[in-house]
Each structure stands twice: as structure tokens, then as C-alpha cells.
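What follows is the content of model27.txt (compact mmCIF, C-alpha atoms).
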```txt
# COMPACT_ATOMS: atom_id res chain seq x y z
CA MET G 1377 4.79 24.80 1.90
CA THR G 1378 1.84 25.50 4.17
CA PHE G 1379 -1.01 23.10 3.72
CA ASP G 1380 -4.16 24.95 2.71
CA VAL G 1381 -6.59 22.07 3.12
CA ALA G 1382 -9.59 24.13 2.05
CA THR G 1383 -7.93 24.75 -1.31
CA ILE G 1384 -6.71 21.17 -1.59
CA ARG G 1385 -10.19 19.77 -0.92
CA LYS G 1386 -11.61 21.70 -3.88
CA GLN G 1387 -9.53 19.51 -6.22
CA TYR G 1388 -11.47 16.37 -5.17
CA PRO G 1389 -14.98 16.11 -6.67
CA THR G 1390 -16.25 13.47 -4.24
CA LEU G 1391 -15.46 15.71 -1.27
CA GLN G 1392 -17.79 18.44 -2.56
CA GLN G 1393 -20.81 16.32 -1.65
CA GLU G 1394 -22.96 16.57 1.44
CA VAL G 1395 -24.50 13.67 3.36
CA ASP G 1396 -27.92 14.45 4.84
CA GLY G 1397 -27.00 18.13 4.88
CA ARG G 1398 -23.63 17.51 6.53
CA ARG G 1399 -20.19 18.02 5.03
CA LEU G 1400 -18.71 14.73 3.86
CA VAL G 1401 -15.84 13.71 6.15
CA TYR G 1402 -13.76 11.07 4.41
CA LEU G 1403 -11.61 9.09 6.86
CA ASP G 1404 -10.99 5.93 4.84
CA SER G 1405 -7.94 6.78 2.74
CA ALA G 1406 -6.03 3.73 4.00
CA ALA G 1407 -8.54 1.70 1.95
CA SER G 1408 -8.72 4.06 -1.06
CA SER G 1409 -7.79 7.70 -1.33
CA GLN G 1410 -9.88 10.26 -3.15
CA THR G 1411 -9.04 11.22 -6.74
CA PRO G 1412 -8.13 14.79 -7.70
CA GLU G 1413 -9.21 16.51 -10.90
CA ALA G 1414 -5.68 16.32 -12.31
CA VAL G 1415 -5.79 12.52 -12.27
CA LEU G 1416 -9.26 12.42 -13.83
CA ASP G 1417 -8.12 14.84 -16.53
CA ALA G 1418 -5.04 12.75 -17.33
CA MET G 1419 -7.14 9.62 -17.80
CA ASP G 1420 -9.60 11.61 -19.91
CA VAL G 1421 -6.75 12.54 -22.27
CA TYR G 1422 -6.27 8.87 -23.07
CA TYR G 1423 -9.92 8.08 -23.66
CA ARG G 1424 -10.73 11.27 -25.59
CA ARG G 1425 -7.51 11.92 -27.55
CA LEU G 1426 -5.09 8.98 -27.44
CA ARG G 1427 -7.37 5.94 -27.48
CA ALA G 1428 -5.06 3.34 -29.01
CA ASN G 1429 -3.18 0.30 -27.84
CA VAL G 1430 0.44 0.66 -26.78
CA GLU G 1431 3.81 -1.00 -27.43
CA ARG G 1432 2.89 -2.37 -30.86
CA GLY G 1433 1.34 0.30 -33.17
CA VAL G 1434 3.48 2.23 -35.65
CA TYR G 1435 0.93 5.00 -36.28
CA ARG G 1436 1.27 8.32 -34.43
CA LEU G 1437 -1.71 7.86 -32.12
CA SER G 1438 -0.35 4.58 -30.79
CA GLU G 1439 3.20 5.90 -30.57
CA GLU G 1440 2.12 8.91 -28.52
CA ALA G 1441 0.05 6.70 -26.21
CA THR G 1442 3.05 4.39 -25.84
CA GLY G 1443 5.32 7.32 -25.06
CA ARG G 1444 3.01 8.51 -22.32
CA TYR G 1445 2.60 5.02 -20.94
CA GLU G 1446 6.36 4.59 -20.67
CA ALA G 1447 6.69 8.13 -19.30
CA ALA G 1448 4.39 7.05 -16.45
CA ARG G 1449 6.75 4.18 -15.69
CA ALA G 1450 9.72 6.56 -15.56
CA ARG G 1451 7.71 9.04 -13.47
CA LEU G 1452 6.87 6.42 -10.87
CA ALA G 1453 10.50 5.29 -10.78
CA ARG G 1454 11.60 8.86 -9.97
CA PHE G 1455 8.85 9.25 -7.36
CA VAL G 1456 9.97 6.25 -5.31
CA GLY G 1457 13.70 6.52 -6.01
CA ALA G 1458 13.88 3.36 -8.13
CA PRO G 1459 17.28 2.87 -9.77
CA SER G 1460 15.75 2.40 -13.24
CA PRO G 1461 12.37 2.40 -15.01
CA ASP G 1462 13.35 -1.11 -16.15
CA GLY G 1463 12.67 -2.20 -12.58
CA VAL G 1464 9.06 -0.92 -12.59
CA VAL G 1465 6.50 -3.57 -13.48
CA PHE G 1466 2.93 -2.32 -13.73
CA THR G 1467 0.43 -4.61 -12.01
CA ARG G 1468 -3.23 -4.30 -11.07
CA ASN G 1469 -2.38 -3.57 -7.44
CA VAL G 1470 0.12 -4.43 -4.72
CA THR G 1471 -1.55 -7.82 -4.23
CA GLU G 1472 -0.68 -8.83 -7.77
CA ALA G 1473 2.83 -7.44 -7.35
CA ILE G 1474 3.43 -9.63 -4.29
CA ASN G 1475 1.91 -12.69 -5.96
CA LEU G 1476 4.21 -12.16 -8.94
CA VAL G 1477 7.18 -12.53 -6.60
CA ALA G 1478 5.60 -15.46 -4.76
CA TYR G 1479 5.15 -17.41 -7.99
CA SER G 1480 8.16 -16.30 -10.03
CA TRP G 1481 10.76 -16.10 -7.26
CA VAL G 1482 9.85 -18.01 -4.10
CA ARG G 1483 8.20 -21.02 -5.75
CA ARG G 1484 10.99 -21.28 -8.32
CA ARG G 1485 13.97 -20.91 -5.97
CA LEU G 1486 13.05 -22.07 -2.47
CA GLY G 1487 12.12 -25.45 -1.08
CA PRO G 1488 12.40 -27.75 1.94
CA GLY G 1489 15.13 -26.57 4.28
CA ASP G 1490 14.52 -22.91 3.40
CA ALA G 1491 12.41 -20.43 5.37
CA VAL G 1492 10.36 -17.36 4.52
CA LEU G 1493 10.02 -14.79 7.29
CA THR G 1494 7.05 -12.45 7.52
CA THR G 1495 5.29 -10.72 10.43
CA ALA G 1496 2.09 -10.93 12.43
CA MET G 1497 1.06 -7.38 11.47
CA GLU G 1498 0.86 -7.99 7.72
CA HIS G 1499 -2.09 -7.37 5.44
CA HIS G 1500 -3.32 -10.66 3.98
CA ALA G 1501 -1.74 -9.59 0.67
CA ASN G 1502 1.68 -9.98 2.30
CA PHE G 1503 0.82 -13.07 4.34
CA VAL G 1504 -1.42 -15.43 2.37
CA PRO G 1505 0.89 -15.66 -0.70
CA TRP G 1506 3.74 -16.89 1.54
CA TRP G 1507 1.47 -19.30 3.42
CA HIS G 1508 0.25 -20.66 0.09
CA ALA G 1509 3.79 -20.96 -1.27
CA ALA G 1510 4.87 -22.78 1.88
CA GLN G 1511 2.06 -25.30 1.43
CA ASP G 1512 3.11 -25.93 -2.17
CA THR G 1513 6.89 -26.04 -1.78
CA GLY G 1514 7.69 -27.27 1.74
CA VAL G 1515 9.27 -23.93 2.63
CA GLU G 1516 8.94 -23.12 6.34
CA LEU G 1517 6.89 -20.01 7.12
CA ARG G 1518 8.16 -18.08 10.14
CA ILE G 1519 6.30 -15.17 11.71
CA VAL G 1520 7.73 -12.28 13.72
CA PRO G 1521 5.37 -11.47 16.62
CA VAL G 1522 4.17 -8.03 17.70
CA ARG G 1523 5.11 -6.53 21.09
CA GLU G 1524 2.69 -5.00 23.54
CA ASP G 1525 3.82 -1.54 22.36
CA PHE G 1526 2.55 -2.39 18.84
CA HIS G 1527 6.03 -2.68 17.32
CA LEU G 1528 7.64 -5.82 15.93
CA ASP G 1529 9.54 -7.96 18.43
CA VAL G 1530 13.11 -7.47 17.24
CA GLU G 1531 14.57 -9.98 19.70
CA ALA G 1532 12.16 -12.65 18.50
CA MET G 1533 13.08 -11.76 14.92
CA GLU G 1534 16.78 -12.25 15.68
CA ALA G 1535 16.00 -15.70 17.09
CA LEU G 1536 13.99 -16.63 13.98
CA LEU G 1537 16.91 -15.58 11.79
CA ALA G 1538 19.67 -17.17 13.86
CA ASP G 1539 19.99 -20.48 11.98
CA GLY G 1540 20.56 -18.76 8.64
CA LYS G 1541 17.75 -20.66 6.91
CA VAL G 1542 15.66 -17.56 6.17
CA ARG G 1543 16.21 -16.82 2.50
CA PHE G 1544 13.28 -14.47 1.97
CA LEU G 1545 11.97 -11.63 4.16
CA ALA G 1546 8.53 -10.09 3.49
CA LEU G 1547 7.34 -7.23 5.66
CA GLY G 1548 5.15 -4.16 5.51
CA HIS G 1549 6.61 -0.68 5.61
CA VAL G 1550 3.57 0.66 7.50
CA SER G 1551 0.83 -1.36 9.21
CA ASN G 1552 -2.62 -0.77 7.74
CA VAL G 1553 -4.17 -1.51 11.16
CA LEU G 1554 -1.77 -0.19 13.78
CA GLY G 1555 -0.23 2.61 11.75
CA THR G 1556 3.18 1.44 12.99
CA ILE G 1557 6.06 2.61 10.79
CA ASN G 1558 8.54 -0.24 10.76
CA PRO G 1559 12.27 0.59 10.96
CA LEU G 1560 13.11 -1.05 7.65
CA ARG G 1561 16.83 -0.34 7.65
CA GLU G 1562 17.27 -1.95 11.08
CA LEU G 1563 15.12 -4.98 10.25
CA ILE G 1564 16.73 -5.56 6.85
CA ALA G 1565 20.20 -5.25 8.41
CA LEU G 1566 19.26 -7.93 10.95
CA ALA G 1567 18.15 -10.28 8.19
CA ARG G 1568 21.25 -9.74 6.08
CA ALA G 1569 23.55 -10.14 9.07
CA ALA G 1570 22.12 -13.64 9.53
CA ASN G 1571 22.15 -14.43 5.80
CA PRO G 1572 23.80 -11.97 3.39
CA GLU G 1573 21.92 -13.58 0.49
CA VAL G 1574 18.44 -12.97 1.91
CA VAL G 1575 15.99 -11.46 -0.59
CA VAL G 1576 13.74 -8.69 0.78
CA LEU G 1577 10.23 -7.70 -0.28
CA VAL G 1578 8.44 -4.73 1.26
CA ASP G 1579 4.72 -4.01 1.03
CA GLY G 1580 4.71 -0.24 0.60
CA ALA G 1581 0.98 0.25 0.00
CA GLN G 1582 0.54 2.29 3.20
CA ALA G 1583 3.92 4.05 3.01
CA VAL G 1584 4.35 5.54 -0.46
CA PRO G 1585 1.21 7.74 -0.18
CA HIS G 1586 2.31 9.20 3.15
CA LEU G 1587 6.11 9.14 3.53
CA PRO G 1588 9.10 10.09 1.40
CA VAL G 1589 10.30 6.71 0.08
CA ASP G 1590 13.63 5.94 -1.60
CA VAL G 1591 13.74 2.26 -2.54
CA ALA G 1592 17.33 2.48 -3.76
CA ALA G 1593 18.48 3.82 -0.40
CA LEU G 1594 16.54 1.08 1.39
CA ASP G 1595 18.33 -1.50 -0.79
CA VAL G 1596 15.30 -3.78 -1.04
CA ASP G 1597 14.94 -6.34 -3.79
CA PHE G 1598 11.20 -5.85 -4.28
CA TYR G 1599 8.86 -3.06 -3.19
CA GLY G 1600 5.11 -3.16 -3.91
CA ILE G 1601 2.83 -0.15 -4.33
CA THR G 1602 -0.77 0.44 -5.32
CA GLY G 1603 -2.15 3.48 -7.12
CA HIS G 1604 -5.56 3.81 -5.52
CA LYS G 1605 -4.11 4.69 -2.09
CA MET G 1606 -1.87 7.47 -3.46
CA LEU G 1607 -4.48 9.67 -5.21
CA GLY G 1608 -4.34 7.51 -8.34
CA PRO G 1609 -6.94 5.33 -10.05
CA THR G 1610 -7.97 1.84 -9.09
CA GLY G 1611 -6.68 -1.07 -11.13
CA ILE G 1612 -3.00 -0.14 -11.23
CA GLY G 1613 -0.07 -0.77 -8.95
CA ALA G 1614 3.55 -1.69 -9.42
CA LEU G 1615 6.32 -4.00 -8.39
CA ILE G 1616 9.49 -1.94 -7.98
CA ALA G 1617 12.43 -4.31 -8.27
CA LYS G 1618 16.15 -4.45 -8.79
CA PRO G 1619 16.36 -5.05 -12.56
CA GLU G 1620 18.81 -7.92 -12.06
CA ARG G 1621 16.20 -9.72 -9.93
CA LEU G 1622 13.63 -9.43 -12.71
CA GLU G 1623 16.12 -10.79 -15.22
CA GLN G 1624 16.34 -13.94 -13.12
CA MET G 1625 12.58 -14.50 -13.01
CA PRO G 1626 10.21 -16.23 -15.44
CA PRO G 1627 6.87 -14.54 -16.17
CA PHE G 1628 3.89 -14.87 -13.87
CA LEU G 1629 1.29 -14.48 -16.66
CA THR G 1630 1.83 -15.41 -20.29
CA GLY G 1631 0.29 -14.29 -23.55
CA GLY G 1632 0.74 -11.29 -25.81
CA SER G 1633 3.35 -8.54 -25.45
CA MET G 1634 5.59 -10.47 -23.05
CA ILE G 1635 7.49 -12.48 -25.67
CA LEU G 1636 10.29 -11.94 -28.18
CA ASP G 1637 9.64 -15.08 -30.21
CA VAL G 1638 7.20 -17.98 -30.26
CA SER G 1639 7.42 -21.27 -32.12
CA ALA G 1640 6.23 -24.82 -31.56
CA GLU G 1641 9.69 -25.59 -30.17
CA GLN G 1642 10.31 -22.66 -27.84
CA VAL G 1643 9.12 -19.35 -26.44
CA VAL G 1644 11.60 -16.53 -25.81
CA TRP G 1645 10.51 -14.14 -23.08
CA ASN G 1646 10.67 -10.39 -23.53
CA HIS G 1647 13.03 -8.33 -21.43
CA PRO G 1648 11.82 -6.94 -18.08
CA PRO G 1649 9.64 -5.15 -17.26
CA HIS G 1650 7.55 -6.10 -20.33
CA ARG G 1651 8.11 -9.78 -19.61
CA PHE G 1652 5.68 -9.38 -16.70
CA GLU G 1653 3.00 -7.29 -18.47
CA ALA G 1654 1.05 -9.80 -20.55
CA GLY G 1655 -1.78 -8.48 -22.69
CA THR G 1656 -3.12 -4.96 -23.04
CA PRO G 1657 -1.97 -3.05 -19.96
CA MET G 1658 -3.70 -0.43 -17.79
CA ILE G 1659 -3.05 2.48 -20.15
CA ALA G 1660 -5.44 5.15 -18.88
CA GLU G 1661 -4.63 4.14 -15.31
CA ALA G 1662 -0.91 4.65 -16.00
CA PHE G 1663 -1.70 8.16 -17.27
CA GLY G 1664 -3.60 8.76 -14.03
CA LEU G 1665 -0.82 7.39 -11.84
CA HIS G 1666 1.65 9.72 -13.56
CA ALA G 1667 -0.60 12.65 -12.64
CA ALA G 1668 -0.96 11.40 -9.05
CA CYS G 1669 2.83 11.42 -8.67
CA ASP G 1670 2.85 14.99 -9.99
CA VAL G 1671 0.19 16.08 -7.48
CA LEU G 1672 2.05 14.52 -4.55
CA ASP G 1673 5.39 15.97 -5.64
CA GLU G 1674 3.80 19.40 -5.96
CA LEU G 1675 2.55 19.08 -2.38
CA GLY G 1676 5.97 17.71 -1.33
CA MET G 1677 6.20 14.37 0.43
CA HIS G 1678 8.02 15.83 3.43
CA GLU G 1679 5.18 18.33 3.75
CA VAL G 1680 2.60 15.57 3.33
CA ARG G 1681 4.25 13.69 6.19
CA ALA G 1682 4.47 16.79 8.39
CA HIS G 1683 0.79 17.62 7.81
CA GLU G 1684 -0.28 14.08 8.58
CA ARG G 1685 1.95 13.85 11.65
CA GLY G 1686 0.26 16.94 13.14
CA LEU G 1687 -3.20 15.52 12.46
CA VAL G 1688 -2.23 12.14 13.90
CA ALA G 1689 -1.10 13.77 17.14
CA THR G 1690 -4.41 15.63 17.46
CA PHE G 1691 -6.67 12.71 16.50
CA VAL G 1692 -4.87 10.08 18.60
CA ASP G 1693 -4.78 12.33 21.67
CA ALA G 1694 -8.49 13.07 21.31
CA LEU G 1695 -9.46 9.42 20.84
CA VAL G 1696 -7.29 8.27 23.76
CA ALA G 1697 -8.98 10.89 25.94
CA ALA G 1698 -12.52 10.00 24.81
CA ASP G 1699 -14.65 7.95 27.21
CA GLY G 1700 -14.78 4.25 26.41
CA VAL G 1701 -12.38 4.39 23.44
CA THR G 1702 -9.36 2.10 23.06
CA VAL G 1703 -6.75 3.00 20.45
CA TYR G 1704 -4.60 0.26 18.90
CA GLY G 1705 -1.15 1.34 17.80
CA PRO G 1706 1.67 3.63 18.93
CA THR G 1707 0.57 6.94 20.40
CA ASP G 1708 3.79 8.71 19.37
CA PRO G 1709 3.03 10.42 16.02
CA ASP G 1710 6.68 10.01 14.96
CA GLN G 1711 6.24 6.24 15.05
CA ARG G 1712 2.99 5.93 13.18
CA SER G 1713 0.98 6.91 10.13
CA GLY G 1714 -2.56 8.23 9.91
CA ALA G 1715 -4.32 4.83 9.97
CA ILE G 1716 -5.87 4.87 13.45
CA SER G 1717 -7.67 1.73 14.62
CA PHE G 1718 -9.85 1.89 17.71
CA ALA G 1719 -12.74 0.27 19.58
CA VAL G 1720 -15.63 1.76 21.53
CA ASP G 1721 -16.77 -0.09 24.64
CA GLY G 1722 -20.12 -1.82 24.14
CA VAL G 1723 -20.40 -0.85 20.46
CA HIS G 1724 -19.74 -3.28 17.61
CA PRO G 1725 -17.54 -1.67 14.95
CA HIS G 1726 -20.21 -2.23 12.28
CA ASP G 1727 -22.78 -0.38 14.41
CA LEU G 1728 -20.28 2.40 14.96
CA GLY G 1729 -19.62 2.69 11.23
CA ALA G 1730 -23.35 2.93 10.50
CA MET G 1731 -23.83 5.61 13.16
CA LEU G 1732 -20.89 7.64 11.87
CA ASP G 1733 -22.29 7.43 8.35
CA SER G 1734 -25.38 9.25 9.58
CA TYR G 1735 -23.02 12.04 10.68
CA GLY G 1736 -21.41 12.18 7.24
CA VAL G 1737 -18.25 10.42 8.45
CA CYS G 1738 -16.72 7.60 6.38
CA ILE G 1739 -14.53 5.12 8.27
CA ARG G 1740 -13.54 1.49 7.70
CA VAL G 1741 -14.71 -1.28 10.03
CA GLY G 1742 -13.84 -4.98 10.10
CA HIS G 1743 -10.70 -7.08 10.25
CA HIS G 1744 -8.91 -4.93 7.64
CA CYS G 1745 -7.55 -8.03 5.86
CA ALA G 1746 -5.31 -8.68 8.86
CA LYS G 1747 -6.87 -11.59 10.77
CA PRO G 1748 -3.62 -12.83 12.38
CA LEU G 1749 -3.21 -9.37 13.89
CA MET G 1750 -6.85 -9.24 14.99
CA ARG G 1751 -6.35 -12.52 16.85
CA TRP G 1752 -3.27 -11.09 18.57
CA LEU G 1753 -5.27 -8.00 19.56
CA GLY G 1754 -8.00 -10.28 20.92
CA VAL G 1755 -10.77 -8.74 18.82
CA ASN G 1756 -12.78 -9.77 15.77
CA ALA G 1757 -12.79 -6.30 14.25
CA THR G 1758 -11.90 -2.67 14.85
CA ALA G 1759 -12.98 0.70 13.55
CA ARG G 1760 -10.35 2.61 11.58
CA ALA G 1761 -10.16 6.30 10.76
CA SER G 1762 -7.42 7.13 8.28
CA LEU G 1763 -6.12 10.57 7.38
CA TYR G 1764 -4.68 12.14 4.26
CA VAL G 1765 -3.84 15.42 2.57
CA TYR G 1766 -7.45 16.64 2.35
CA ASN G 1767 -8.22 16.11 6.05
CA ASP G 1768 -7.85 18.72 8.78
CA VAL G 1769 -8.73 19.22 12.44
CA ASP G 1770 -12.28 20.17 11.46
CA ASP G 1771 -12.84 16.49 10.65
CA LEU G 1772 -12.27 15.50 14.28
CA ALA G 1773 -15.45 17.01 15.81
CA PRO G 1774 -17.93 15.02 13.66
CA LEU G 1775 -15.95 11.84 14.36
CA LEU G 1776 -16.10 12.38 18.12
CA GLU G 1777 -19.74 13.44 17.93
CA GLY G 1778 -20.68 10.24 16.11
CA ILE G 1779 -18.68 8.08 18.53
CA GLU G 1780 -20.46 9.63 21.52
CA ALA G 1781 -23.85 9.18 19.83
CA ALA G 1782 -23.04 5.50 19.24
CA ARG G 1783 -22.06 5.05 22.91
CA ARG G 1784 -25.31 6.60 24.06
CA PHE G 1785 -27.41 4.52 21.68
CA PHE G 1786 -25.70 1.12 21.78
CA ALA G 1787 -23.78 0.90 25.06
CA ARG G 1788 -26.78 0.86 27.36
```
Would it be possible to restate this file's structure as C-alpha cells?
Amino acid sequence: MTFDVATIRKQYPTLQQEVDGRRLVYLDSAASSQTPEAVLDAMDVYYRRLRANVERGVYRLSEEATGRYEAARARLARFVGAPSPDGVVFTRNVTEAINLVAYSWVRRRLGPGDAVLTTAMEHHANFVPWWHAAQDTGVELRIVPVREDFHLDVEAMEALLADGKVRFLALGHVSNVLGTINPLRELIALARAANPEVVVLVDGAQAVPHLPVDVAALDVDFYGITGHKMLGPTGIGALIAKPERLEQMPPFLTGGSMILDVSAEQVVWNHPPHRFEAGTPMIAEAFGLHAACDVLDELGMHEVRAHERGLVATFVDALVAADGVTVYGPTDPDQRSGAISFAVDGVHPHDLGAMLDSYGVCIRVGHHCAKPLMRWLGVNATARASLYVYNDVDDLAPLLEGIEAARRFFAR
């Protein structure tokens, strides 16, 4: 399909606002995407018509809410190519999904003599849980460095895998800072060549909103997603897992709904995925995530990627050509997503963000929860403009105008 951004933008209430008489230009979707009317309407159905708890009521209202909640699980499984809805655990976000694995898999199964391998370009959500687990268990934490071309150093990774001690690999599908799209098949094949039993977790928070993803084809053990970056509501994400992996894991949180039997002598855990969903779940948010999957499928994920790729080429070329601007990340749009980090000579990123706000442009500034990568880049912070389905080339001019205004004002 042809992307009609003007029509698409009308579906997003926040984007109808003006800032000081200027059109709102939202370039922070890597942090949180905007929410379309269809998602708001789906959540409204729960609160206005189906307001009841799920999984336990026998009256019709509860049963219909439960049916829709489980339909959202099946819908997400189809959207990401999961082998079964039984492998979809709803969590608050991708951070909780990764911590679930850190506590219920790594801490339970690995110890001294084992190694966990992650990378220097990870979000803290896919770095700190492994560091913490290593401190608690004696597992060795190994880190794949980044090359000067902003890709992972494959030769260094091979060396880190060579002794066969790596039993767990955790890496991001797409960097939230560099935009680099990692070649998962190649990297996973390297890990499994060194140790066929290696367990693989992928942080897909920046991939699922922007790329066609098929977790079954990738053959990963765990894949984390978060709803608020893929047009869905905040407060819901998921761990997509091979069901047999979940069967092997104890629960991360305990309480109601995640048990089959409780006595003073023993507790019998529920079957996955409910074993990992203690308490009242995110019901309205699941309704909204279902609708978000529908919206993205209607657009077509191949078309979403093609639209973004074209914008990336235009934005990156313009920023590279702008005076005093340094872009961090691959310049080839085939190798990157729409998260574009950059610096402006003589202008602190926070000052740049404030100046751009006066032009109606919303970007993210700071370390982007990726301090190891910031240290490798040799900076404390960057600015980041991130693109999505409701952006078009008309959003470039205000960005460049604000950058030039910041250079004139601050870089004197």
C-alpha cells in the first residue's frame, strides 16, 4: 500500500495539537509511540462494557472479558510468528520480561564456570539484569564490543564464545541509540556453533514496531516486546518464549491466578503462561495491544519498514550534511532503523532539546538508558530523533531549523 501519512496522522489525537502555533512534530517514538483511536476505543470497550476480572468469573461479563483477554494473547502470537499462544506471557513491559528470564532461568540454572554473553550496545534493560545475576551467582558476564562502523564486532564475539562456556546469549534486535539492525541469524548461529545448548534471549522492543518479525523462524528461546512502542498502551509487554522453556521455569512473581493448588505442605504452579501472570493482569491494556496489532497489520509491516527506510535515508543524509552535526550509527538505511542519534557541536543535548521544543519538535536527549554505549562513543549524552508511521519528510524542515537556531544561540 502507499503510505498516506496525512490520513494516518488523523488517527492519532495527540498529533492534532499545535505548540505555540506550530504543528506538533513528534520524533520520539523510540521512547513511546503515539496511540491511535482504534487502540483507545478498544480499551474503552473494557472499561465501559466489559469491566470485570478475568480467568475466574463464571458469569457472562467475566467470560467475555476473559475471551477477549486470551484473544489478545493469540493475536500477539500471530503478529510476531510465535509458535503458540501458550508461549506468550503478558508482562508490564520488556524490562519485566527480561527480568523474568534473569530470575527464573539464569539464576536457577547457571553458576560459576558458566558465562552470559551480551553486547555493549544494549539498553540497560538487557544489560543490568545480567550484571546483577552475575553478581549473585558467580556467572561470568562477557560483553561483545562495537566496531567503529557501529556494528557488533563479530570476530570479538567468536573469541568470547570459543571456550564453549557461554550458556546464555542476550542481545538486542535493534539498537535504541545507533539504530543498528543486528544480523540475528548470523549471531545466533555463531553462538550455537560454539555451544549447541546455548539459550538465546532477544530484546525486540525496537524491532517489532518497525520490522516484520518471525520469532519461530529466528529460533530464539525468548523474545521480549513492549506495547507502548508499537502503537499500544503503556503498562503491557510480553515475553515470547518456546513453551517448553516456560515449562522448565518456576514463577517470577507469586500470588493469585498462578497456582493450581495451595496447601500448608505444597504449592502446585499453574501451567504456562498463567504461571507467570500473578494477580489481576493488564486487561484493558491487552485489549489495546490487540488493536495495535490490527492497526500495524492493516498498514502491513513490510510497508511500515519501506516507509521508514525511505525516511531514514532522507533524515540521515540531511543530518550528515548539516553544519556541525555528527550522526552516530550506520548511514546505510538498509542497516538501520529510524532511531537517529546525533550531536551538535557546541550545543549540549538538553539545550538542543529545549530549543527544538520551542519549534514544536519533540526529540529525546540523554544517555537513552545505554551508558556503556555512551562511554564507548565518548559522550555523556546524545540527541535522538526517531521516526514512525505518522512521520513524513515535512517533519525534517522544523528539525533542521531548530538545530540551526540552537547552533546560532549556543555555539558562540
Which stretch 1661-1703 of chain G residues have any atom within 7 Å of an atom of stretch 1424-1448 of chain G, and for each, what is the nearest pair of atoms with distance in Å to one decimal, counting all atoms listed in the file, rows sorted by chain and number, as CSV?
```
residue,atom,partner,partner_atom,distance
G:Ala1662,CA,G:Ala1448,CA,5.8
G:Phe1663,CA,G:Ala1448,CA,6.2
G:Leu1665,CA,G:Ala1448,CA,7.0
G:His1666,CA,G:Ala1448,CA,4.8
```
Just C-alpha atoms for this one: save the residues we selected as a short mmCIF file (atom, residue, chain, number, x, y, z; two decimals), keeping the file's coordinate frame.
```cif
data_model
loop_
_atom_site.label_atom_id
_atom_site.label_comp_id
_atom_site.auth_asym_id
_atom_site.auth_seq_id
_atom_site.Cartn_x
_atom_site.Cartn_y
_atom_site.Cartn_z
CA ALA G 1662 -0.91 4.65 -16.00
CA PHE G 1663 -1.70 8.16 -17.27
CA LEU G 1665 -0.82 7.39 -11.84
CA HIS G 1666 1.65 9.72 -13.56
#
```
Inset, instruction - In Å, rounded to a single decimal, give me how far atom CA of G:Ala1719 is from atom CA of G:Val1755. - result: 9.3 Å
Inset, instruction - Please provide the set of residues having any atom within 10 Å of G:Pro1706, restricted to only C-alpha atoms, with same-chain residues fewer than 5 positions apart removed, written as a PyMOL selection string. - result: chain G and resi 1524-1527+1554-1557+1692+1711-1713+1716
Provide an axis-aligned box for all listed atoms of stretch 1521-1526 of chain G, padding each side by 8 Å; report its centre and its edge lengths in Å to one decimal, as AutoDock Vina command-line options.
```
--center_x 4.0 --center_y -6.5 --center_z 20.1 --size_x 18.8 --size_y 25.9 --size_z 22.9
```
Inset, instruction - Kindly provide, as a PyMOL selection string, the polymer residues lying within 8 Å of (-3.5, -1.4, 8.2), counting all atoms listed in the file and using the coordinates exactly as they appear in the file. - result: chain G and resi 1406+1498-1499+1550-1555+1582+1715+1744+1746
Inset, instruction - Would you mind telling me which residue in G:Ala1668, G:Val1465, G:Val1576, G:Ile1779 lies nearest to G:Pro1619 when using all atoms listed in the file? - result: G:Val1465
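Neighbouring residues of G:Pro1459 at 10 Å or closer, counting only C-alpha atoms and skipping chain neighbours under 2 positions away, are Ala1453, Arg1454, Val1456, Gly1457, Pro1461, Asp1462, Gly1463, Val1464, Asp1590, Val1591, Ala1592, Ala1593, Ile1616, Ala1617, Lys1618 and Pro1619 of chain G.
Residues surrounding G:Glu1472 within 12 Å are Val1465, Phe1466, Thr1467, Val1477, Ala1478, Tyr1479, Ser1480, Ala1501, Asn1502, Pro1505, Asp1579, Gly1600, Ile1601, Thr1602, Gly1611, Ile1612, Gly1613, Ala1614, Leu1615, Phe1628, Leu1629, Phe1652 and Glu1653 of chain G [all atoms listed in the file; sequence separation below 5 positions excluded].
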